[in-house]
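Chemist: I am attaching a structure below and will ask some questions about it afterwards.
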Amino acid sequence: MPYNTDMVDATKTPSLANGPMRERLGSVPARPGVYLFKNASSQFIYVGKAANLRNRLRSYFGTPFGLAPKIRRMVQQARDFEFVVTHSESEALILENTLIKRHRPPFNTRLRDDKTYPYIKIDPSEEFPQVYFTRRVQNDGARYFGPFASAGSVRKTLALLKKLFPYRSCTKNITGTDARPCLEYYIHRCVAPCVGYADRDNYMEVIEQVLMFLDGKTTDVLRQLNHRMHEAAEKLEFERAARLRDQVQAIQRVGEDQKVVSLRNQDTDVIAMAQERNEAWVEAFFIRNGKLVGRDHFIMDGVQDEEEGRVLGTFIQQFYDRASYVPPTILMQHPADETPLLTEWLTGRRGTNVQLQVPVRGEKRRLVAMVAENASQGLSMSRAQRLAGQGALDSAMAEVQEALSLPRLPKRIECYDISHVQGSDTVGSMVVFQNGAPRKEHYRRFKVKTVEGPDDFESMREVLRRRFARMAASLPTEDNAEDAVDSSVENAEQLPEAPDGKAWENVPDLVLIDGGKGQLSAVHGVFLEMGLSTDVVPLASLAKREEEIFVPHSPEPTMLPRNSQGLFLVQRVRDEAHRFAVTYHQRLRSKRQTRSGLDTVHGIGPKRRRMLMQRFGSVAAIREATLEELSAVPGMTRALAQNVKDEL
């Protein structure tokens, strides 16, 4: 049932204290639904569900000693609430999950970055289906496998699939009339439908094997392949039989690596967790037909003061809302909160009965204990790596601060670079490193608008003017810079960070320019022009040849030791700015080059242009194509093909 969550309750009058909110409790219905608390800035800070909205909301405004510390803090910040009435608790559970993913309230337990979890997608309705990576799950009839915890997990699985099954990895339009197959055919990684070596039925047999393998039905795949291998041998097709034999052996080796964890051929997920402070490491083992076919881990945020059962229940709710498959049995380390409600919801998702079990003895208990041990080890390893990594980063930032005499630790470094080819398609990049790590949501790209020809200095000036124009008015000038710096260092160690929606207002602890003295001088001129003090916004440039660092008012460069963490940090920031600028420049140049050829051809619009590029790959290849080849492209006629030849 769809809900308009932008218009949920006509009685939501903003309140300045909990007293006025208590007065509104009488108007809350005693029905199932979802409630949302908001702070003084009208931001959602907590979302919950209830079988009885009135009773649940009243529980927040009674004695605070019965509330968890985290919930007490939430109630102290709450200034308003809204609610949505639903028909049942199951609908409330679904809506609660949707609202948590949409608003990401800070007091809710939630999967970290759950919006971006990747999947493997196969659409059998395509003429020659592909197997590919996606982050969007749609109700389009395709098969989705996941979610995976990271893109690396998906790529490892795709690499394994490509070794085992000869499906196509290209994106070309398959006509079966290509002159010759690509290299993948000759190394037995594709059945080459592009040249007609395999028709759709033959190709779909390969896709069906991939689907069965991803479903954990390895035995069925081996049975099919063994049958085809013997058929090929009986027909004296020994080369084909040998390829099938090699494929069978490769799949058998993978099957041998899949640990047998149950003597019964069951589909089961096993979930356990380890919790520390405000995050939890949740380990999930995926068992299909009694074999461990996969495992992954997920991080839950906002778990402070939460009981294990509530964290596991929230994970199950959020993970299986996205999961492509719900098994008949889920084994858990602790009883999940609201197990009957979760069971009812999971059963509805699967279509048949689902059991949530907390085993206390036997084989299942040992299996849960093994997963719990993996979760504990994973959390310990993550903590050690984070502490070691953060220690190295803190050391690197301290080295940079000391070497450049910065007024504060360079926790936020902004780096700028310019990219062009002989003055064409000139672009600038801004990358941001926060606490030594990339902050990609704060990256920015610039099309240089006012500079003609290859003038790096003036291009850099334009980029810096545009970046700091919005910030300059709120910053101290040269006249009061000393007092401002003293205050910022004494009171906060660094200037406060603006919200993500106002990323331009963040004050960098170091502005780094890719270049030498000339680039530094150009940017320093912009600072003087705008009244920015280098005591408040420190400035430096990094020259590539000798990795010399230049700062204003100092004729001699600073040289960090070749093996220092500080040098590695500024090199990494500089290289990332260069990569980001070059990538943007190449994209613009590619678009311009494509436009210069095809956009001027009469009768060739966006759709035909796209079809031509998909078929030939480049303007140069289109130029070399014959009239017959151009006419064969869908949507093209011989007259249009002649126009293309004439124009190009």
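Going through the structure tokens in order, the chains are called A, B, and so on, while each chain numbers its residues from 1 and the ligands are numbered from 1 in the order shown.
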With DSSP run on the backbone, what are the alpha helix (DSSP H) residues within segment 49-141 of chain A? I'd like them as a PDB file with C-alpha atoms, in the first residue's frame.

Modeler:
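Below is the file out.pdb, written as the result:
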ATOM      1  CA  LEU A  53       0.581   4.321  18.536  1.00  0.00           C
ATOM      2  CA  ARG A  54      -0.961   6.088  21.536  1.00  0.00           C
ATOM      3  CA  ASN A  55       0.481   3.676  24.120  1.00  0.00           C
ATOM      4  CA  ARG A  56       3.910   3.615  22.504  1.00  0.00           C
ATOM      5  CA  LEU A  57       4.214   7.401  22.300  1.00  0.00           C
ATOM      6  CA  ARG A  58       3.016   7.774  25.905  1.00  0.00           C
ATOM      7  CA  SER A  59       5.869   5.510  27.020  1.00  0.00           C
ATOM      8  CA  TYR A  60       8.389   8.129  25.894  1.00  0.00           C
ATOM      9  CA  PRO A  69      20.207   5.925  27.599  1.00  0.00           C
ATOM     10  CA  LYS A  70      20.151   6.454  23.833  1.00  0.00           C
ATOM     11  CA  ILE A  71      16.361   6.873  23.813  1.00  0.00           C
ATOM     12  CA  ARG A  72      16.579   9.307  26.753  1.00  0.00           C
ATOM     13  CA  ARG A  73      18.970  11.431  24.709  1.00  0.00           C
ATOM     14  CA  MET A  74      16.628  11.253  21.740  1.00  0.00           C
ATOM     15  CA  VAL A  75      13.627  12.393  23.825  1.00  0.00           C
ATOM     16  CA  GLN A  76      15.664  15.304  25.193  1.00  0.00           C
ATOM     17  CA  GLN A  77      16.322  16.481  21.613  1.00  0.00           C
ATOM     18  CA  GLU A  89       1.739  -4.275  12.226  1.00  0.00           C
ATOM     19  CA  SER A  90       3.212  -5.874   9.089  1.00  0.00           C
ATOM     20  CA  GLU A  91       2.481  -2.742   7.080  1.00  0.00           C
ATOM     21  CA  ALA A  92       3.984  -0.655   9.886  1.00  0.00           C
ATOM     22  CA  LEU A  93       7.172  -2.750   9.758  1.00  0.00           C
ATOM     23  CA  ILE A  94       7.512  -2.241   5.996  1.00  0.00           C
ATOM     24  CA  LEU A  95       6.859   1.493   6.249  1.00  0.00           C
ATOM     25  CA  GLU A  96       9.277   1.876   9.169  1.00  0.00           C
ATOM     26  CA  ASN A  97      12.038   0.278   7.112  1.00  0.00           C
ATOM     27  CA  THR A  98      11.281   2.554   4.145  1.00  0.00           C
ATOM     28  CA  LEU A  99      11.396   5.688   6.291  1.00  0.00           C
ATOM     29  CA  ILE A 100      14.643   4.664   8.019  1.00  0.00           C
ATOM     30  CA  LYS A 101      16.312   4.173   4.638  1.00  0.00           C
ATOM     31  CA  ARG A 102      14.938   7.482   3.362  1.00  0.00           C
ATOM     32  CA  HIS A 103      15.744   9.727   6.338  1.00  0.00           C
TER      33      HIS A 103
END

Chemist: Can you list, as a list in words, every protein, DNA or RNA residue that comes within 9 Å of Val311 of chain A when you count only C-alpha atoms, leaving out same-chain residues fewer than 6 positions away?

Modeler: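 Neighbouring residues, sequence-local ones excluded: Thr109, Arg110, Met273, Ala280, Met300, Val303, Ala336 and Asp337 of chain A.
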
Chemist: Compile the contact shell of Ala78 of chain A as number ranges by chain: residues with an atom at most 10 Å away, counting only C-alpha atoms, same-chain residues fewer than 2 positions apart removed.

Modeler: A: 15-18, 21, 36-46, 72-76, 80-81

Chemist: Next, dump the selected residues to file, keeping only N, CA and C atoms, as a PDB file, in the first residue's frame.

Modeler:
ATOM      1  N   SER A  15       6.595  22.005  18.430  1.00  0.00           N
ATOM      2  CA  SER A  15       6.608  22.243  19.863  1.00  0.00           C
ATOM      3  C   SER A  15       8.002  22.594  20.299  1.00  0.00           C
ATOM      4  N   LEU A  16       8.111  23.380  21.334  1.00  0.00           N
ATOM      5  CA  LEU A  16       9.411  23.796  21.828  1.00  0.00           C
ATOM      6  C   LEU A  16       9.831  23.004  23.048  1.00  0.00           C
ATOM      7  N   ALA A  17       8.998  22.118  23.560  1.00  0.00           N
ATOM      8  CA  ALA A  17       9.342  21.300  24.717  1.00  0.00           C
ATOM      9  C   ALA A  17       8.473  20.066  24.703  1.00  0.00           C
ATOM     10  N   ASN A  18       8.811  19.085  25.586  1.00  0.00           N
ATOM     11  CA  ASN A  18       8.042  17.852  25.634  1.00  0.00           C
ATOM     12  C   ASN A  18       6.637  18.062  26.180  1.00  0.00           C
ATOM     13  N   MET A  21       4.115  18.384  23.516  1.00  0.00           N
ATOM     14  CA  MET A  21       3.946  17.098  22.818  1.00  0.00           C
ATOM     15  C   MET A  21       3.066  16.158  23.633  1.00  0.00           C
ATOM     16  N   LEU A  36       7.399   9.346  13.993  1.00  0.00           N
ATOM     17  CA  LEU A  36       8.671   9.975  13.649  1.00  0.00           C
ATOM     18  C   LEU A  36       8.903  11.162  14.584  1.00  0.00           C
ATOM     19  N   PHE A  37      10.036  11.169  15.265  1.00  0.00           N
ATOM     20  CA  PHE A  37      10.412  12.300  16.102  1.00  0.00           C
ATOM     21  C   PHE A  37      11.310  13.245  15.304  1.00  0.00           C
ATOM     22  N   LYS A  38      11.132  14.569  15.578  1.00  0.00           N
ATOM     23  CA  LYS A  38      11.926  15.591  14.908  1.00  0.00           C
ATOM     24  C   LYS A  38      12.571  16.485  15.956  1.00  0.00           C
ATOM     25  N   ASN A  39      13.735  17.043  15.594  1.00  0.00           N
ATOM     26  CA  ASN A  39      14.421  17.948  16.516  1.00  0.00           C
ATOM     27  C   ASN A  39      14.038  19.397  16.221  1.00  0.00           C
ATOM     28  N   ALA A  40      14.748  20.341  16.855  1.00  0.00           N
ATOM     29  CA  ALA A  40      14.408  21.753  16.699  1.00  0.00           C
ATOM     30  C   ALA A  40      14.616  22.247  15.277  1.00  0.00           C
ATOM     31  N   SER A  41      15.460  21.547  14.511  1.00  0.00           N
ATOM     32  CA  SER A  41      15.702  21.929  13.112  1.00  0.00           C
ATOM     33  C   SER A  41      14.776  21.214  12.142  1.00  0.00           C
ATOM     34  N   SER A  42      13.743  20.542  12.691  1.00  0.00           N
ATOM     35  CA  SER A  42      12.768  19.788  11.877  1.00  0.00           C
ATOM     36  C   SER A  42      13.405  18.632  11.125  1.00  0.00           C
ATOM     37  N   GLN A  43      14.525  18.118  11.622  1.00  0.00           N
ATOM     38  CA  GLN A  43      15.155  16.936  11.036  1.00  0.00           C
ATOM     39  C   GLN A  43      14.654  15.700  11.769  1.00  0.00           C
ATOM     40  N   PHE A  44      14.407  14.625  11.020  1.00  0.00           N
ATOM     41  CA  PHE A  44      13.950  13.382  11.641  1.00  0.00           C
ATOM     42  C   PHE A  44      15.109  12.743  12.397  1.00  0.00           C
ATOM     43  N   ILE A  45      14.883  12.446  13.677  1.00  0.00           N
ATOM     44  CA  ILE A  45      15.951  11.867  14.495  1.00  0.00           C
ATOM     45  C   ILE A  45      15.638  10.448  14.936  1.00  0.00           C
ATOM     46  N   TYR A  46      14.379  10.017  14.805  1.00  0.00           N
ATOM     47  CA  TYR A  46      14.048   8.636  15.190  1.00  0.00           C
ATOM     48  C   TYR A  46      12.753   8.227  14.507  1.00  0.00           C
ATOM     49  N   ARG A  72      16.714   8.115  25.905  1.00  0.00           N
ATOM     50  CA  ARG A  72      16.579   9.307  26.753  1.00  0.00           C
ATOM     51  C   ARG A  72      17.190  10.524  26.055  1.00  0.00           C
ATOM     52  N   ARG A  73      18.351  10.316  25.429  1.00  0.00           N
ATOM     53  CA  ARG A  73      18.970  11.431  24.709  1.00  0.00           C
ATOM     54  C   ARG A  73      18.111  11.881  23.535  1.00  0.00           C
ATOM     55  N   MET A  74      17.497  10.908  22.865  1.00  0.00           N
ATOM     56  CA  MET A  74      16.628  11.253  21.740  1.00  0.00           C
ATOM     57  C   MET A  74      15.441  12.084  22.205  1.00  0.00           C
ATOM     58  N   VAL A  75      14.797  11.671  23.317  1.00  0.00           N
ATOM     59  CA  VAL A  75      13.627  12.393  23.825  1.00  0.00           C
ATOM     60  C   VAL A  75      14.011  13.804  24.244  1.00  0.00           C
ATOM     61  N   GLN A  76      15.207  13.973  24.809  1.00  0.00           N
ATOM     62  CA  GLN A  76      15.664  15.304  25.193  1.00  0.00           C
ATOM     63  C   GLN A  76      15.795  16.234  23.983  1.00  0.00           C
ATOM     64  N   ASP A  80       9.103  17.645  18.275  1.00  0.00           N
ATOM     65  CA  ASP A  80       7.864  17.448  17.522  1.00  0.00           C
ATOM     66  C   ASP A  80       7.785  15.988  17.117  1.00  0.00           C
ATOM     67  N   PHE A  81       6.588  15.514  16.845  1.00  0.00           N
ATOM     68  CA  PHE A  81       6.450  14.159  16.305  1.00  0.00           C
ATOM     69  C   PHE A  81       5.352  14.132  15.251  1.00  0.00           C
TER      70      PHE A  81
END

Chemist: Could you check the closest approach to Ser88 of chain A for each of A:Glu308, A:Glu127, A:Glu344, A:Asp646 and tell me which residue wins, using only C-alpha atoms?

Modeler: A:Glu344

Chemist: Please determine, counting only C-alpha atoms, which residue among A:Ile418, A:Leu569, A:Leu183, A:Val537 has the shortest atom-to-atom distance to Gly515 of chain A.

Modeler: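 Nearest candidate to Gly515 of chain A out of A:Ile418, A:Leu569, A:Leu183, A:Val537: A:Ile418.
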
Chemist: Would you list, as a list of chain:residue names, the residues of segment 495-567 of chain A that end up in strand (DSSP E) under DSSP run on this structure's backbone?

Modeler: A:Leu510, A:Val511, A:Leu512, A:Ile513, A:Asp514, A:Leu539, A:Ala540, A:Ser541, A:Leu542, A:Ile549, A:Phe550
